[in-house]
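**Q** Once you've had a glance at the structure underneath, I'll fire off some questions.
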Amino acid sequence: MQPADPTLYQRYQPWRRGVEVGFWVVQYLVSALANSITVNMDVRRLHLGFSAWQPAVWETSSALVALALVPAVVWFTRRFPLRLEDWRRVLALHLLGSLAWSALHVAGMVVLRKAAYASIGDSYDFTPWWWEFGYEYLKDVRSYAGVVLTIEGYRLLLRRLQGEAKLLALPDEGPPVEPVDRPERFLVRKLGREFLLAANDIEWLQASGNYVNLRVRGHDYPLRSTLAGIEARLDPARFARVHRSYMVNLDRIVSIEPLETGDARVHMQDGAKLPCSRTYRGDLRQRAGLDG
């Protein structure tokens, strides 16, 4: 059998890390350069008396600290993603997040500016701090929102390329075609097309934030659910929990490798090596009918 041609999502994976890091680096470098030029133009136009290097220090320090904070925003948005069904709670959390982001941003850039000024025997003044912080926060809250929306938009695009699974809904009329409490199939939407995914074709599952990735023939299909929630819906005779973040299809296990720590490593037919904590190891060996 000829292997299937790689999808656009799969072809993108080797480049993904470089694109993601490169995007933010270029974004903030271009921003620092453009803002330095425009601020210098304003300084000259208004005859404010600042040297040309000072706006460059201001904008570069701001951009460097903001760039360093991107991983924190990525983590925070993964922990508290934007969701319409819970928008009030999420909005409150992100308002707190914007305050924390701004506090770190301001503190970092002030330290860098003071160091730059001190290197030429000058001093940088950030007083009164409460007034200056308020001014900076009015700018930072918009910057924070822009970073969050960019991250969430990018993730949405990836899910559309990858394919996103959901449970089949109840029909408008008549009884459901299959059990809703224990679905035999999932509906997958990918680039505007829909197809059905058999539950028994799922090789293993991994929790990822508010999603569970369903691994099927080398593809991951994110399902908006918790691992505990989907575990309750799958056939316990076929699927087993092996870790707080993983479940496996028992028919797809090749071997169970014991580790000195008391945990184990589960080798799957697709070549994946999944962690198995000691809590689940004994039950897994018995149910899989494998020695390990």
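Ordered as shown in the structure tokens, chains take letters A, B, and onward, while each chain numbers its residues from 1 and ligands are numbered from 1 in the order shown.
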Using only C-alpha atoms, determine which residues lie at most 10 Å from Arg252 in chain A, disregarding the query and same-chain residues fewer than 6 positions distant; provide the list as a ChimeraX atom specification.
**A** /A:201-204,238-239,267-270,288
**Q** Just N, CA and C atoms for this one: save the residues we selected as a compact mmCIF listing (two decimals), in the first residue's frame.
**A**
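As written to disk, out37.txt reads:
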# COMPACT_ATOMS: atom_id res chain seq x y z
N ASP A 201 -10.89 3.21 15.81
CA ASP A 201 -9.68 3.55 15.05
C ASP A 201 -8.73 4.43 15.86
N ILE A 202 -9.19 4.94 16.98
CA ILE A 202 -8.34 5.78 17.83
C ILE A 202 -7.25 4.91 18.45
N GLU A 203 -6.00 5.28 18.25
CA GLU A 203 -4.89 4.49 18.75
C GLU A 203 -4.52 4.87 20.18
N TRP A 204 -4.47 6.17 20.44
CA TRP A 204 -4.25 6.66 21.80
C TRP A 204 -4.73 8.10 21.89
N ARG A 238 -12.02 -1.64 25.70
CA ARG A 238 -11.08 -1.39 24.61
C ARG A 238 -10.06 -0.32 24.95
N PHE A 239 -10.44 0.67 25.79
CA PHE A 239 -9.56 1.79 26.10
C PHE A 239 -9.22 1.80 27.58
N HIS A 267 4.71 0.82 24.45
CA HIS A 267 5.09 0.89 23.04
C HIS A 267 3.86 0.60 22.20
N MET A 268 3.51 1.54 21.31
CA MET A 268 2.32 1.42 20.49
C MET A 268 2.68 0.97 19.08
N GLN A 269 1.68 0.49 18.34
CA GLN A 269 1.91 0.00 16.98
C GLN A 269 2.42 1.09 16.05
N ASP A 270 2.05 2.34 16.31
CA ASP A 270 2.48 3.43 15.43
C ASP A 270 3.88 3.93 15.77
N ALA A 288 -4.26 -5.84 29.12
CA ALA A 288 -3.65 -5.97 27.80
C ALA A 288 -3.19 -7.41 27.53
**Q** Name the residues in contact with range 79-83 of chain A at a cut-off of 9 Å, using only C-alpha atoms, excluding same-chain residues fewer than 3 positions from it; report them as a count of residues only.
**A** 14
**Q** What is the CA of Leu205 in chain A to CA of Gln10 in chain A distance in Å?
**A**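 Interatomic distance, CA of Leu205 in chain A to CA of Gln10 in chain A: 18.5 Å.
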**Q** Please identify all polymer residues within 8 Å of Glu257 in chain A, counting only C-alpha atoms, omitting same-chain residues fewer than 2 positions from it, and present them as a PyMOL selection string.
**A** chain A and resi 255+259+264-267+292
**Q** Using only C-alpha atoms, find the one residue out of A:Glu231, A:Glu20, A:Glu194, A:Asp283 that sits nearest to Ile256 in chain A.
**A**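 The closest residue to Ile256 in chain A is A:Asp283.
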**Q** So, with only C-alpha atoms as the atoms that count, which of A:Val110, A:Val216, A:Met247, A:Leu64 lies closest to Ala228 in chain A?
**A** A:Met247
**Q** Can you tell me which residues surround Trp58 in chain A at a distance of at most 9 Å, considering only C-alpha atoms, apart from same-chain residues fewer than 2 positions away, and format the answer as a ChimeraX atom specification?
**A** /A:32,36,53-56,60-63,109-110,112-113
**Q** List the spatial neighbours of Leu161 in chain A as a VMD selection string - criterion: any atom at most 10 Å away, only C-alpha atoms, same-chain residues fewer than 2 positions off excluded.
**A** chain A and resid 7 to 10 155 to 159 163 to 164 189 to 192
**Q** With N, CA, C and O atoms retained, export the selected residues as a short mmCIF file (atom, residue, chain, number, x, y, z; two decimals), in the first residue's frame.
**A**
data_model
loop_
_atom_site.label_atom_id
_atom_site.label_comp_id
_atom_site.auth_asym_id
_atom_site.auth_seq_id
_atom_site.Cartn_x
_atom_site.Cartn_y
_atom_site.Cartn_z
N THR A 7 -0.18 15.73 4.54
CA THR A 7 -1.09 16.86 4.46
C THR A 7 -0.31 18.17 4.62
O THR A 7 0.87 18.16 5.00
N LEU A 8 -0.98 19.28 4.35
CA LEU A 8 -0.36 20.59 4.54
C LEU A 8 0.09 20.76 5.99
O LEU A 8 1.18 21.29 6.26
N TYR A 9 -0.72 20.30 6.92
CA TYR A 9 -0.39 20.40 8.34
C TYR A 9 0.88 19.61 8.65
O TYR A 9 1.77 20.08 9.37
N GLN A 10 0.99 18.39 8.10
CA GLN A 10 2.17 17.57 8.35
C GLN A 10 3.42 18.17 7.71
O GLN A 10 4.50 18.12 8.28
N ARG A 155 -3.77 29.29 16.73
CA ARG A 155 -4.18 27.95 17.17
C ARG A 155 -5.45 27.50 16.45
O ARG A 155 -5.59 26.32 16.09
N LEU A 156 -6.37 28.43 16.23
CA LEU A 156 -7.59 28.09 15.50
C LEU A 156 -7.26 27.66 14.08
O LEU A 156 -7.81 26.67 13.56
N LEU A 157 -6.34 28.37 13.43
CA LEU A 157 -5.91 28.01 12.08
C LEU A 157 -5.29 26.62 12.06
O LEU A 157 -5.58 25.81 11.17
N LEU A 158 -4.44 26.32 13.04
CA LEU A 158 -3.81 25.00 13.10
C LEU A 158 -4.85 23.90 13.28
O LEU A 158 -4.75 22.82 12.68
N ARG A 159 -5.85 24.16 14.13
CA ARG A 159 -6.89 23.16 14.34
C ARG A 159 -7.70 22.93 13.06
O ARG A 159 -8.12 21.80 12.78
N GLY A 163 -7.67 19.36 11.58
CA GLY A 163 -8.94 18.66 11.70
C GLY A 163 -9.35 18.62 13.15
O GLY A 163 -8.57 18.25 14.02
N GLU A 164 -10.59 19.02 13.44
CA GLU A 164 -11.07 19.11 14.82
C GLU A 164 -12.26 18.19 15.01
O GLU A 164 -13.22 18.22 14.23
N ARG A 189 -14.20 17.81 11.46
CA ARG A 189 -14.28 18.88 10.48
C ARG A 189 -12.87 19.33 10.13
O ARG A 189 -12.06 19.63 11.00
N LYS A 190 -12.58 19.36 8.85
CA LYS A 190 -11.24 19.71 8.39
C LYS A 190 -11.33 20.50 7.10
O LYS A 190 -11.82 19.98 6.08
N LEU A 191 -10.89 21.77 7.13
CA LEU A 191 -10.88 22.64 5.95
C LEU A 191 -12.23 22.65 5.24
O LEU A 191 -12.32 22.54 4.02
N GLY A 192 -13.28 22.79 6.03
CA GLY A 192 -14.62 22.91 5.47
C GLY A 192 -15.29 21.60 5.11
O GLY A 192 -16.44 21.58 4.69
#
**Q** What does the distance between CA of Ala107 in chain A and CA of Val147 in chain A come to in Å, to one decimal place?
**A** 19.0 Å
**Q** Determine, counting only C-alpha atoms, which protein, DNA and RNA residues have an atom within 9 Å of an atom of Val106 in chain A; residues of the same chain fewer than 4 positions away are not included. Present the result as a ChimeraX atom specification.
**A** /A:62,65,101-102,110-111,133,136-137,140
**Q** Between CA of Ile37 in chain A and CA of Pro128 in chain A, what distance in Å does the model show, to one decimal?
**A**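 Taking CA of Ile37 in chain A as the start and CA of Pro128 in chain A as the end point, the length is 26.8 Å.
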